[in-house]
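Trainee: For reference, the file run22.txt (compact mmCIF, C-alpha atoms and all ligand atoms) is included below:
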# COMPACT_ATOMS: atom_id res chain seq x y z
CA MET L 298 11.13 -15.66 -13.32
CA SER L 299 14.87 -15.97 -12.52
CA LYS L 300 16.52 -18.34 -10.01
CA ASN L 301 16.30 -15.82 -7.16
CA GLY L 302 12.53 -15.67 -7.56
CA ARG L 303 12.63 -12.30 -9.33
CA HIS L 304 11.17 -11.45 -12.70
CA GLU L 305 13.82 -10.95 -15.38
CA ALA L 306 14.45 -7.31 -16.26
CA LYS L 307 12.80 -6.26 -19.52
CA LYS L 308 15.08 -4.15 -21.66
CA SER L 309 12.17 -2.89 -23.75
CA LEU L 310 10.71 -1.26 -20.61
CA GLY L 311 14.02 0.36 -19.64
CA GLN L 312 14.31 -1.83 -16.55
CA ASN L 313 17.60 -0.94 -14.88
CA PHE L 314 16.75 -1.34 -11.24
CA LEU L 315 18.42 0.80 -8.59
CA ILE L 316 20.29 -1.36 -6.09
CA SER L 317 22.02 1.39 -4.10
CA LYS L 318 20.09 2.08 -0.91
CA GLU L 319 22.22 5.14 -0.32
CA ILE L 320 21.25 6.71 -3.65
CA ALA L 321 17.59 5.79 -3.17
CA GLU L 322 17.58 7.49 0.24
CA LYS L 323 19.38 10.54 -1.14
CA ILE L 324 16.77 10.90 -3.88
CA VAL L 325 13.93 10.64 -1.41
CA SER L 326 15.45 13.12 1.06
CA THR L 327 16.17 15.58 -1.79
CA SER L 328 12.53 15.32 -2.87
CA GLY L 329 11.36 16.71 0.48
CA ALA L 330 8.58 14.10 0.60
CA SER L 331 6.90 14.11 4.00
CA ARG L 332 3.74 13.16 5.86
CA GLY L 333 0.73 15.09 4.60
CA GLY L 334 2.11 15.40 1.06
CA LEU L 335 1.35 13.50 -2.11
CA VAL L 336 4.10 11.83 -4.14
CA PHE L 337 3.66 10.24 -7.53
CA GLU L 338 6.30 7.76 -8.63
CA ILE L 339 6.84 6.81 -12.26
CA GLY L 340 7.88 3.16 -12.73
CA PRO L 341 8.40 1.77 -9.21
CA GLY L 342 9.93 -1.43 -10.62
CA ARG L 343 11.03 -3.54 -7.64
CA GLY L 344 10.32 -0.74 -5.18
CA ALA L 345 13.82 0.69 -4.63
CA LEU L 346 12.44 4.21 -4.30
CA THR L 347 8.95 3.26 -3.21
CA ALA L 348 10.24 1.79 0.06
CA PRO L 349 12.06 4.89 1.37
CA LEU L 350 9.23 7.06 0.03
CA ALA L 351 6.71 5.03 2.03
CA GLU L 352 8.81 5.53 5.15
CA THR L 353 8.44 9.32 4.92
CA GLY L 354 4.73 8.90 5.69
CA ALA L 355 3.75 10.74 2.49
CA ARG L 356 0.88 9.41 0.45
CA VAL L 357 2.60 7.53 -2.38
CA VAL L 358 0.97 6.58 -5.65
CA ALA L 359 3.21 4.58 -8.00
CA PHE L 360 2.40 3.96 -11.68
CA GLU L 361 3.92 0.80 -13.16
CA ILE L 362 3.32 -0.58 -16.65
CA ASP L 363 4.71 -4.08 -16.05
CA GLY L 364 1.92 -6.29 -14.73
CA ARG L 365 4.45 -8.84 -13.42
CA LEU L 366 5.87 -6.24 -11.04
CA VAL L 367 2.53 -4.73 -10.03
CA GLY L 368 1.50 -7.91 -8.19
CA ASP L 369 4.78 -8.06 -6.22
CA LEU L 370 4.59 -4.36 -5.37
CA GLU L 371 1.01 -4.68 -4.13
CA THR L 372 1.91 -7.61 -1.91
CA ARG L 373 4.81 -5.70 -0.45
CA PHE L 374 3.42 -2.19 -0.05
CA VAL L 375 -0.35 -1.99 0.03
CA ARG L 376 -0.60 -3.24 3.62
CA LEU L 377 1.32 -0.13 4.71
CA GLY L 378 -1.77 1.98 4.11
CA ASN L 379 -0.04 5.01 2.53
CA VAL L 380 1.04 3.36 -0.73
CA GLU L 381 -1.09 2.73 -3.80
CA ILE L 382 0.17 0.83 -6.83
CA VAL L 383 -1.51 1.65 -10.14
CA HIS L 384 -1.08 -0.59 -13.18
CA ALA L 385 -0.82 2.03 -15.93
CA ASP L 386 1.22 3.50 -18.73
CA ILE L 387 2.40 6.87 -17.42
CA ARG L 388 1.95 8.37 -20.89
CA GLU L 389 -1.79 7.91 -20.49
CA VAL L 390 -2.07 9.33 -16.98
CA ASP L 391 -3.27 12.85 -16.21
CA LEU L 392 -1.35 13.37 -12.97
CA ASP L 393 -3.01 16.69 -12.12
CA ARG L 394 -6.39 14.98 -12.28
CA GLU L 395 -5.09 12.06 -10.21
CA ALA L 396 -3.99 14.56 -7.54
CA ARG L 397 -7.31 16.42 -7.51
CA ASN L 398 -9.21 13.12 -7.33
CA ARG L 399 -7.33 12.39 -4.11
CA GLY L 400 -8.04 15.83 -2.67
CA PHE L 401 -4.57 17.37 -3.24
CA ASP L 402 -3.72 20.61 -5.05
CA SER L 403 -0.02 19.84 -5.45
CA TYR L 404 2.30 16.87 -5.63
CA THR L 405 5.92 15.83 -5.96
CA LEU L 406 6.94 13.60 -8.86
CA ILE L 407 9.77 11.10 -8.66
CA GLY L 408 11.09 8.74 -11.26
CA ASN L 409 14.01 6.57 -12.11
CA ILE L 410 12.44 6.64 -15.53
CA PRO L 411 12.96 4.36 -18.54
CA TYR L 412 15.53 6.06 -20.75
CA ASN L 413 13.53 5.53 -23.92
CA LEU L 414 10.74 7.69 -22.46
CA THR L 415 12.93 10.48 -21.10
CA SER L 416 11.89 13.08 -23.67
CA THR L 417 8.21 12.19 -23.53
CA ILE L 418 8.10 12.32 -19.74
CA LEU L 419 10.18 15.50 -19.43
CA LEU L 420 8.39 17.41 -22.18
CA ALA L 421 5.12 16.72 -20.33
CA LEU L 422 6.40 18.29 -17.09
CA PRO L 423 5.63 21.97 -17.81
CA GLY L 424 2.02 20.92 -18.55
CA ARG L 425 1.68 19.28 -15.12
CA LEU L 426 0.63 22.47 -13.41
CA LEU L 427 0.09 21.00 -9.94
CA CYS L 428 3.55 19.44 -9.81
CA SER L 429 5.55 21.50 -7.30
CA LYS L 430 8.81 19.60 -7.75
CA SER L 431 10.09 16.66 -9.72
CA LEU L 432 13.19 14.53 -9.39
CA MET L 433 14.08 12.67 -12.54
CA MET L 434 16.92 10.25 -13.20
CA VAL L 435 18.28 10.80 -16.71
CA GLN L 436 21.39 9.83 -18.66
CA ARG L 437 24.28 12.16 -17.92
CA GLU L 438 24.46 13.37 -21.53
CA VAL L 439 20.77 14.28 -21.45
CA ALA L 440 21.23 16.13 -18.15
CA GLU L 441 24.12 18.11 -19.65
CA ARG L 442 22.00 18.98 -22.65
CA ILE L 443 19.07 20.08 -20.49
CA LEU L 444 21.35 22.26 -18.34
CA SER L 445 23.25 23.84 -21.23
CA SER L 446 22.41 27.43 -22.10
CA PRO L 447 20.08 28.03 -25.02
CA GLY L 448 22.41 29.37 -27.69
CA GLU L 449 25.11 26.79 -26.92
CA ARG L 450 25.84 24.04 -29.40
CA ASN L 451 24.63 21.23 -27.15
CA CYS L 452 21.15 22.65 -26.57
CA GLY L 453 17.99 21.11 -27.94
CA ILE L 454 14.24 21.15 -27.55
CA LEU L 455 14.42 19.79 -23.97
CA THR L 456 16.80 22.62 -23.02
CA VAL L 457 14.63 25.36 -24.46
CA PHE L 458 11.19 24.05 -23.48
CA LEU L 459 12.10 23.03 -19.93
CA GLN L 460 14.12 26.16 -19.18
CA SER L 461 11.22 28.29 -20.44
CA TYR L 462 9.11 27.16 -17.50
CA MET L 463 11.30 25.51 -14.89
CA ASP L 464 14.27 26.02 -12.62
CA ILE L 465 16.50 23.00 -13.04
CA ALA L 466 19.41 21.74 -10.96
CA LYS L 467 21.74 18.78 -10.98
CA GLU L 468 21.31 16.98 -7.66
CA ILE L 469 22.96 13.55 -7.63
CA ARG L 470 25.45 11.75 -9.85
CA VAL L 471 24.73 8.02 -10.16
CA LEU L 472 27.30 5.55 -11.49
CA PRO L 473 26.37 2.48 -13.59
CA GLY L 474 27.23 0.10 -10.72
CA SER L 475 24.23 1.44 -8.76
CA PHE L 476 21.87 -0.43 -11.09
CA ARG L 477 21.11 -4.01 -12.13
CA PRO L 478 21.35 -4.71 -14.95
CA ARG L 479 24.23 -2.29 -15.22
CA PRO L 480 23.64 0.40 -17.87
CA LYS L 481 26.47 1.54 -20.14
CA VAL L 482 26.20 5.19 -19.14
CA GLU L 483 26.28 7.36 -16.03
CA SER L 484 23.10 8.96 -14.78
CA VAL L 485 22.16 12.17 -13.04
CA VAL L 486 19.18 13.03 -10.89
CA LEU L 487 17.80 16.42 -11.86
CA SER L 488 15.36 18.48 -9.84
CA LEU L 489 12.87 20.55 -11.78
CA SER L 490 10.60 23.12 -10.16
CA PRO L 491 8.21 25.61 -11.72
CA ALA L 492 9.83 28.98 -12.40
CA LEU L 493 8.11 32.14 -11.22
CA PRO L 494 5.10 32.84 -13.47
CA GLY L 495 5.69 34.93 -16.58
CA ARG L 496 8.93 33.45 -17.87
CA GLY L 497 7.70 31.40 -20.84
CA PRO L 498 4.73 31.91 -23.21
CA ASP L 499 1.27 31.26 -21.69
CA ASP L 500 0.18 28.78 -24.32
CA ARG L 501 2.54 25.94 -23.45
CA GLU L 502 1.07 23.47 -25.92
CA ALA L 503 1.36 25.83 -28.90
CA TYR L 504 4.88 26.81 -27.85
CA LEU L 505 5.91 23.14 -27.67
CA ALA L 506 4.42 22.46 -31.11
CA PHE L 507 6.35 25.48 -32.45
CA LEU L 508 9.63 24.27 -30.89
CA LYS L 509 9.07 20.77 -32.31
CA LEU L 510 8.75 22.34 -35.73
CA ALA L 511 11.84 24.51 -35.20
CA PHE L 512 14.00 21.65 -33.92
CA SER L 513 12.76 19.13 -36.50
CA GLN L 514 15.72 20.05 -38.72
CA ARG L 515 18.31 21.59 -36.47
CA ARG L 516 20.96 21.78 -39.18
CA LYS L 517 18.84 24.16 -41.24
CA MET L 518 18.85 27.92 -40.98
CA LEU L 519 15.67 29.31 -39.44
CA SER L 520 14.87 31.09 -42.72
CA SER L 521 14.68 27.91 -44.80
CA LEU L 522 13.12 25.96 -41.98
CA PHE L 523 10.17 28.34 -41.69
CA ARG L 524 9.96 28.90 -45.44
CA ASP L 525 9.52 25.13 -45.89
CA ALA L 526 7.04 24.99 -43.04
CA PHE L 527 4.85 27.63 -44.65
CA GLY L 528 5.27 26.33 -48.22
CA MET L 529 6.68 28.12 -51.25
CA ARG L 530 3.60 30.34 -51.64
CA ASP L 531 4.72 32.20 -48.54
CA ALA L 532 8.35 32.63 -49.52
CA GLY L 533 8.53 36.07 -47.86
CA ILE L 534 7.22 34.84 -44.54
CA HIS L 535 10.57 34.14 -42.93
CA ARG L 536 11.58 37.74 -43.66
CA ARG L 537 8.49 38.95 -41.84
CA LEU L 538 9.28 36.61 -38.94
CA GLY L 539 12.80 38.02 -38.77
CA ARG L 540 11.57 41.63 -38.97
CA GLU L 541 8.85 41.25 -36.34
CA SER L 542 10.97 39.25 -33.89
CA GLY L 543 14.34 40.95 -34.39
CA VAL L 544 15.88 37.45 -34.63
CA GLU L 545 18.61 36.82 -37.21
CA MET L 546 17.01 34.18 -39.44
CA LYS L 547 20.38 32.94 -40.69
CA ASN L 548 20.82 31.31 -37.28
CA ARG L 549 20.24 27.62 -36.66
CA PRO L 550 17.83 26.57 -33.90
CA GLU L 551 20.60 25.76 -31.43
CA GLN L 552 21.96 29.34 -31.67
CA LEU L 553 18.98 31.20 -30.19
CA THR L 554 18.76 32.45 -26.62
CA LEU L 555 15.62 31.92 -24.56
CA GLU L 556 14.58 35.56 -25.09
CA GLU L 557 14.93 35.15 -28.85
CA TRP L 558 12.77 32.01 -28.77
CA PHE L 559 10.05 33.93 -26.93
CA ARG L 560 10.16 36.76 -29.49
CA LEU L 561 10.22 34.38 -32.45
CA PHE L 562 7.24 32.44 -31.09
CA GLY L 563 5.32 35.70 -30.61
CA ALA L 564 6.07 36.72 -34.20
CA TYR L 565 5.23 33.21 -35.49
CA ARG L 566 1.81 33.34 -33.85
CA GLN L 567 1.11 36.75 -35.39
CA VAL L 568 2.29 35.81 -38.84
CA SER L 569 0.82 32.31 -39.00
CA GLY L 570 -2.39 33.05 -37.10
CA ASN L 571 -1.73 29.86 -35.04
N1 LIG L 601 12.06 2.77 -9.82
C1 LIG L 601 12.70 1.49 -9.99
C2 LIG L 601 14.12 1.56 -9.52
O1 LIG L 601 14.59 2.69 -9.28
O2 LIG L 601 14.76 0.53 -9.39
C3 LIG L 601 12.65 1.02 -11.46
C4 LIG L 601 13.33 1.89 -12.45
S1 LIG L 601 13.42 1.26 -14.09
C5 LIG L 601 14.69 2.30 -14.75
C6 LIG L 601 12.00 1.95 -14.94
C7 LIG L 601 10.64 1.42 -14.50
O3 LIG L 601 9.63 2.08 -15.28
C8 LIG L 601 10.45 -0.06 -14.73
O4 LIG L 601 9.88 -0.64 -13.59
C9 LIG L 601 9.50 -0.14 -15.92
O5 LIG L 601 8.71 -1.31 -15.95
C10 LIG L 601 8.69 1.09 -15.72
N2 LIG L 601 8.06 1.63 -16.95
C11 LIG L 601 8.54 1.56 -18.22
N3 LIG L 601 7.70 2.18 -19.07
C12 LIG L 601 6.67 2.64 -18.32
C13 LIG L 601 5.48 3.36 -18.63
N4 LIG L 601 5.19 3.73 -19.88
N5 LIG L 601 4.62 3.68 -17.62
C14 LIG L 601 4.90 3.31 -16.35
N6 LIG L 601 6.01 2.62 -15.99
C15 LIG L 601 6.90 2.30 -16.96
Kindly present the structure from the file in structure tokens form.

Mentor:
Amino acid sequence: MSKNGRHEAKKSLGQNFLISKEIAEKIVSTSGASRGGLVFEIGPGRGALTAPLAETGARVVAFEIDGRLVGDLETRFVRLGNVEIVHADIREVDLDREARNRGFDSYTLIGNIPYNLTSTILLALPGRLLCSKSLMMVQREVAERILSSPGERNCGILTVFLQSYMDIAKEIRVLPGSFRPRPKVESVVLSLSPALPGRGPDDREAYLAFLKLAFSQRRKMLSSLFRDAFGMRDAGIHRRLGRESGVEMKNRPEQLTLEEWFRLFGAYRQVSGN
């Protein structure tokens, strides 16, 4: 506990607390949270976002891993009646089930999330089928990567997987001085909403596993990457993949467009039987 009666921030849990009321209110108003709706918050910390969320009248359920903060949050918010604090690791939580258990068939997700969990949390979003909108604070560089076009140098697995299923927009720029402790980098709040059905492949889990394989060695050409993945016995397999998908296998993963990823995944499933 520090002199001001607050628990010290834990770096290992990515604790950079938002101190700008203005930014917190902007995030909450952009989320569209309102009475009658359900909002899940990832990592409420000291409640910077939880407080304005509670004021909207929405039902708020906030998942916090740090037991020291959970007690403080409960004391502050539970008496309001529309806020629930859950002591949990968000990686273990099935949010769709949590929504159904509370009688909701959709929810909004908000998080000033720990930077070390950005990929894990974002890659799980397309699998959260009841999530109608999410607002996520990420490092500016990560936001730029996510928003870059597949086929551009900067793109990566987050770009391809998220854009396959979601419409993504940059909403709010947040400077380091808006947090304590002050991070080294700027942040951006992104909004992510489900795209119209039919954009990305139906089997999201298999597609993600395939992209993880493809991006595991992004410097390699697709031909050698898939040849290695299938083992030397199947040396001709990358040629079949190229033929069936119409994708130039001399490309590196970052050079493919979204359409090409969809075709390559289709061919991969046929050829590999996965
Ligand atoms: N929302 C608060 C704010 O805006 O000031 C806190 C943001 S801080 C960047 C991230 C929060 O996520 C911390 O409170 C941290 O303890 C919590 N956290 C870290 N890992 C977590 C996990 N696996 N599951 C749930 N919460 C986590």

Trainee: Would you give me, as a tab-separated table, each residue of chain L having an atom within 6 Å of an atom of ligand LIG 601 (chain L), along with its shortest atom pair and that distance in Å to one decimal, using all atoms listed in the file and sorting by chain and residue number?

Mentor:
residue	atom	partner	partner_atom	distance
L:Leu310	CA	L:LIG601	C11	4.3
L:Gly311	CA	L:LIG601	C5	5.3
L:Gln312	CA	L:LIG601	S1	4.0
L:Asn313	CA	L:LIG601	C5	4.4
L:Phe314	CA	L:LIG601	O2	3.3
L:Leu315	CA	L:LIG601	O2	3.8
L:Ile339	CA	L:LIG601	N6	5.7
L:Gly340	CA	L:LIG601	O3	3.3
L:Pro341	CA	L:LIG601	N1	3.8
L:Gly342	CA	L:LIG601	O4	3.1
L:Arg343	CA	L:LIG601	O2	5.8
L:Gly344	CA	L:LIG601	C1	5.8
L:Ala345	CA	L:LIG601	O2	4.9
L:Leu346	CA	L:LIG601	O1	5.6
L:Phe360	CA	L:LIG601	C14	5.3
L:Glu361	CA	L:LIG601	N6	4.0
L:Ile362	CA	L:LIG601	C14	4.2
L:Asp363	CA	L:LIG601	O5	4.9
L:Ala385	CA	L:LIG601	C14	5.9
L:Asp386	CA	L:LIG601	N5	3.6
L:Ile387	CA	L:LIG601	N5	3.9
L:Arg388	CA	L:LIG601	N4	5.7
L:Asn409	CA	L:LIG601	C4	4.7
L:Ile410	CA	L:LIG601	C6	4.7
L:Pro411	CA	L:LIG601	C6	4.4

Trainee: Using all atoms listed in the file and a cutoff of 12 Å, can you tell me which residues are near (-6.7, 18.7, -11.6) in the file's coordinates, and write them out as a list of chain:residue names?

Mentor: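 Residues found, by chain and rising number: L:Val390, L:Asp391, L:Leu392, L:Asp393, L:Arg394, L:Glu395, L:Ala396, L:Arg397, L:Asn398, L:Arg399, L:Gly400, L:Phe401, L:Asp402, L:Ser403, L:Tyr404, L:Gly424, L:Arg425, L:Leu426, L:Leu427, L:Cys428.
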
Trainee: Have a look at atom CA of Arg442 of chain L and atom CA of Glu557 of chain L and let me know their distance in Å, one decimal.

Mentor: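 Here the two named atoms are 18.7 Å from each other.
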
Trainee: Using all atoms listed in the file for the distances, tell me which of L:Gln436, L:Ser328, L:Ser521, L:Asn413 is nearest to Pro473 of chain L.

Mentor: L:Gln436

Trainee: Take atom CA of Leu455 of chain L and atom CA of Lys509 of chain L and report the distance between them in Å, one decimal.

Mentor: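 Atom-to-atom, atom CA of Leu455 of chain L to atom CA of Lys509 of chain L, that is 10.0 Å.
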
Trainee: Distance atom CA of Ser569 of chain L-atom CA of Leu508 of chain L, one decimal place?

Mentor: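 Computed distance, atom CA of Ser569 of chain L to atom CA of Leu508 of chain L, equals 14.4 Å.
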
Trainee: Hey, which of L:Phe476, L:Phe507, L:Tyr565, L:Tyr462 ends up closest to Pro494 of chain L? Count all atoms listed in the file.

Mentor: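 The closest residue to Pro494 of chain L is L:Tyr462.
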
Trainee: Compare L:Ser445, L:Ser309, L:Gln552, L:Ser431 by their minimum atom-to-atom distance to Phe337 of chain L, counting all atoms listed in the file, and give me the closest one.

Mentor: L:Ser431

Trainee: When you count all atoms listed in the file, which of these residues is closest to Ala330 of chain L: L:Ile316, L:Lys308, L:Arg450, L:Lys430?

Mentor: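 For Ala330 of chain L, the nearest of the candidates is L:Lys430.
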
Trainee: Quick one: residues within 6 Å of Glu338 of chain L, all atoms listed in the file, excluding same-chain residues fewer than 4 positions away - as a list of chain:residue names?

Mentor: L:Ala359, L:Leu406, L:Ile407, L:Gly408

Trainee: Leaving out Thr372 of chain L and any residue of its chain fewer than 4 positions from it, which residues lie within 12 Å of it when counting all atoms listed in the file, given as a VMD selection string?

Mentor: chain L and resid 343 to 344 365 to 368 376 to 378 380 to 382

Trainee: Please produce a file of those selected residues containing C-alpha atoms, as a short mmCIF file (atom, residue, chain, number, x, y, z; two decimals), in the frame of the given file.

Mentor:
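Okay, this is what ended up in part-v4.cif:
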data_model
loop_
_atom_site.label_atom_id
_atom_site.label_comp_id
_atom_site.auth_asym_id
_atom_site.auth_seq_id
_atom_site.Cartn_x
_atom_site.Cartn_y
_atom_site.Cartn_z
CA ARG L 343 11.03 -3.54 -7.64
CA GLY L 344 10.32 -0.74 -5.18
CA ARG L 365 4.45 -8.84 -13.42
CA LEU L 366 5.87 -6.24 -11.04
CA VAL L 367 2.53 -4.73 -10.03
CA GLY L 368 1.50 -7.91 -8.19
CA ARG L 376 -0.60 -3.24 3.62
CA LEU L 377 1.32 -0.13 4.71
CA GLY L 378 -1.77 1.98 4.11
CA VAL L 380 1.04 3.36 -0.73
CA GLU L 381 -1.09 2.73 -3.80
CA ILE L 382 0.17 0.83 -6.83
#

Trainee: If we count all atoms listed in the file, what is near Ser513 of chain L at a cut-off of 12 Å, once residues fewer than 3 positions away on the same chain are taken out, given as a PDB file with C-alpha atoms, in the frame of the given file?

Mentor:
ATOM      1  CA  GLY L 453      17.990  21.110 -27.940  1.00  0.00           C
ATOM      2  CA  ILE L 454      14.240  21.150 -27.550  1.00  0.00           C
ATOM      3  CA  LEU L 505       5.910  23.140 -27.670  1.00  0.00           C
ATOM      4  CA  ALA L 506       4.420  22.460 -31.110  1.00  0.00           C
ATOM      5  CA  PHE L 507       6.350  25.480 -32.450  1.00  0.00           C
ATOM      6  CA  LEU L 508       9.630  24.270 -30.890  1.00  0.00           C
ATOM      7  CA  LYS L 509       9.070  20.770 -32.310  1.00  0.00           C
ATOM      8  CA  LEU L 510       8.750  22.340 -35.730  1.00  0.00           C
ATOM      9  CA  ARG L 516      20.960  21.780 -39.180  1.00  0.00           C
ATOM     10  CA  LYS L 517      18.840  24.160 -41.240  1.00  0.00           C
ATOM     11  CA  MET L 518      18.850  27.920 -40.980  1.00  0.00           C
ATOM     12  CA  LEU L 519      15.670  29.310 -39.440  1.00  0.00           C
ATOM     13  CA  LEU L 522      13.120  25.960 -41.980  1.00  0.00           C
ATOM     14  CA  PHE L 523      10.170  28.340 -41.690  1.00  0.00           C
ATOM     15  CA  ASP L 525       9.520  25.130 -45.890  1.00  0.00           C
ATOM     16  CA  ALA L 526       7.040  24.990 -43.040  1.00  0.00           C
ATOM     17  CA  ARG L 549      20.240  27.620 -36.660  1.00  0.00           C
ATOM     18  CA  PRO L 550      17.830  26.570 -33.900  1.00  0.00           C
ATOM     19  CA  GLU L 551      20.600  25.760 -31.430  1.00  0.00           C
TER      20      GLU L 551
END

Trainee: Go through L:Val568, L:His384, L:Asp500, L:Leu422 and flag the residue nearest Gly533 of chain L, using only C-alpha atoms for the distances.

Mentor: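 Among L:Val568, L:His384, L:Asp500, L:Leu422, it is L:Val568 that comes nearest to Gly533 of chain L.
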
Trainee: Can you pull out every residue within 8 Å of Arg356 of chain L, counting all atoms listed in the file, but drop anything in the same chain fewer than 6 positions away, and send it as a PyMOL selection string?

Mentor: chain L and resi 332-336+379-380

Trainee: Could you give me, as a list in words, the residues within 10 Å of Met434 of chain L, counting only C-alpha atoms and dropping anything in the same chain fewer than 6 positions from it?

Mentor: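 The residues that qualify are Ile324, Ile407, Gly408, Asn409, Ile410, Pro411, Tyr412, Thr415, Ala440, Glu468, Ile469, Arg470, Val471, Ser484, Val485, Val486, Leu487 and Ser488 of chain L.
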
Trainee: For each of L:Leu350, L:Ser416, L:Gly364, L:Ala321, take the minimum atom-to-atom distance to His304 of chain L, counting all atoms listed in the file, then give the residue where this is smallest.

Mentor: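 Among the listed residues, L:Gly364 lies closest to His304 of chain L.
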
Trainee: For segment 341-352 of chain L, I'd like the enclosing box, axis-aligned and padded by 3 Å on every side, reported as JSON with centre and edge lengths in Å to one decimal.

Mentor:
{"center_x": 10.3, "center_y": 1.8, "center_z": -2.7, "size_x": 13.1, "size_y": 16.6, "size_z": 21.8}

Trainee: Using the atoms already present, construct all heavy atoms for segment 548-554 of chain L and hand them back as a CSV table (one decimal), keeping the file's coordinate frame.

Mentor:
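The resulting file, out32.csv, is reproduced below:
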chain,number,residue,atom,x,y,z
L,548,ASN,N,20.4,32.2,-38.4
L,548,ASN,CA,20.8,31.3,-37.3
L,548,ASN,C,20.2,29.9,-37.4
L,548,ASN,O,19.2,29.8,-38.1
L,548,ASN,CB,20.3,31.9,-35.9
L,548,ASN,CG,21.2,32.9,-35.4
L,548,ASN,OD1,22.5,32.8,-35.6
L,548,ASN,ND2,20.7,33.9,-34.8
L,549,ARG,N,20.8,29.0,-36.8
L,549,ARG,CA,20.2,27.6,-36.7
L,549,ARG,C,19.6,27.5,-35.3
L,549,ARG,O,19.9,28.3,-34.4
L,549,ARG,CB,21.3,26.6,-36.8
L,549,ARG,CG,21.9,26.5,-38.2
L,549,ARG,CD,22.9,25.5,-38.4
L,549,ARG,NE,23.2,25.4,-39.8
L,549,ARG,CZ,23.9,26.3,-40.6
L,549,ARG,NH1,24.4,27.3,-40.0
L,549,ARG,NH2,24.1,26.1,-41.9
L,550,PRO,N,18.6,26.6,-35.2
L,550,PRO,CA,17.8,26.6,-33.9
L,550,PRO,C,18.7,26.6,-32.6
L,550,PRO,O,18.4,27.2,-31.7
L,550,PRO,CB,17.0,25.3,-34.0
L,550,PRO,CG,16.9,25.0,-35.5
L,550,PRO,CD,18.1,25.6,-36.1
L,551,GLU,N,19.8,25.9,-32.7
L,551,GLU,CA,20.6,25.8,-31.4
L,551,GLU,C,21.3,27.1,-31.1
L,551,GLU,O,21.9,27.2,-30.0
L,551,GLU,CB,21.6,24.6,-31.6
L,551,GLU,CG,22.7,24.9,-32.5
L,551,GLU,CD,23.0,23.7,-33.5
L,551,GLU,OE1,22.1,22.9,-33.6
L,551,GLU,OE2,24.1,23.7,-34.0
L,552,GLN,N,21.2,28.1,-31.9
L,552,GLN,CA,22.0,29.3,-31.7
L,552,GLN,C,21.1,30.4,-31.0
L,552,GLN,O,21.6,31.4,-30.6
L,552,GLN,CB,22.5,29.9,-33.0
L,552,GLN,CG,23.6,29.0,-33.6
L,552,GLN,CD,24.0,29.5,-34.9
L,552,GLN,OE1,23.3,29.5,-35.9
L,552,GLN,NE2,25.3,29.9,-35.0
L,553,LEU,N,19.8,30.2,-30.8
L,553,LEU,CA,19.0,31.2,-30.2
L,553,LEU,C,19.0,31.2,-28.7
L,553,LEU,O,19.0,30.1,-28.1
L,553,LEU,CB,17.5,31.0,-30.7
L,553,LEU,CG,17.1,31.8,-31.9
L,553,LEU,CD1,18.1,31.6,-33.1
L,553,LEU,CD2,15.7,31.5,-32.3
L,554,THR,N,18.9,32.4,-28.1
L,554,THR,CA,18.8,32.4,-26.6
L,554,THR,C,17.3,32.3,-26.3
L,554,THR,O,16.4,32.3,-27.2
L,554,THR,CB,19.2,33.8,-26.1
L,554,THR,OG1,18.3,34.8,-26.7
L,554,THR,CG2,20.6,34.1,-26.5
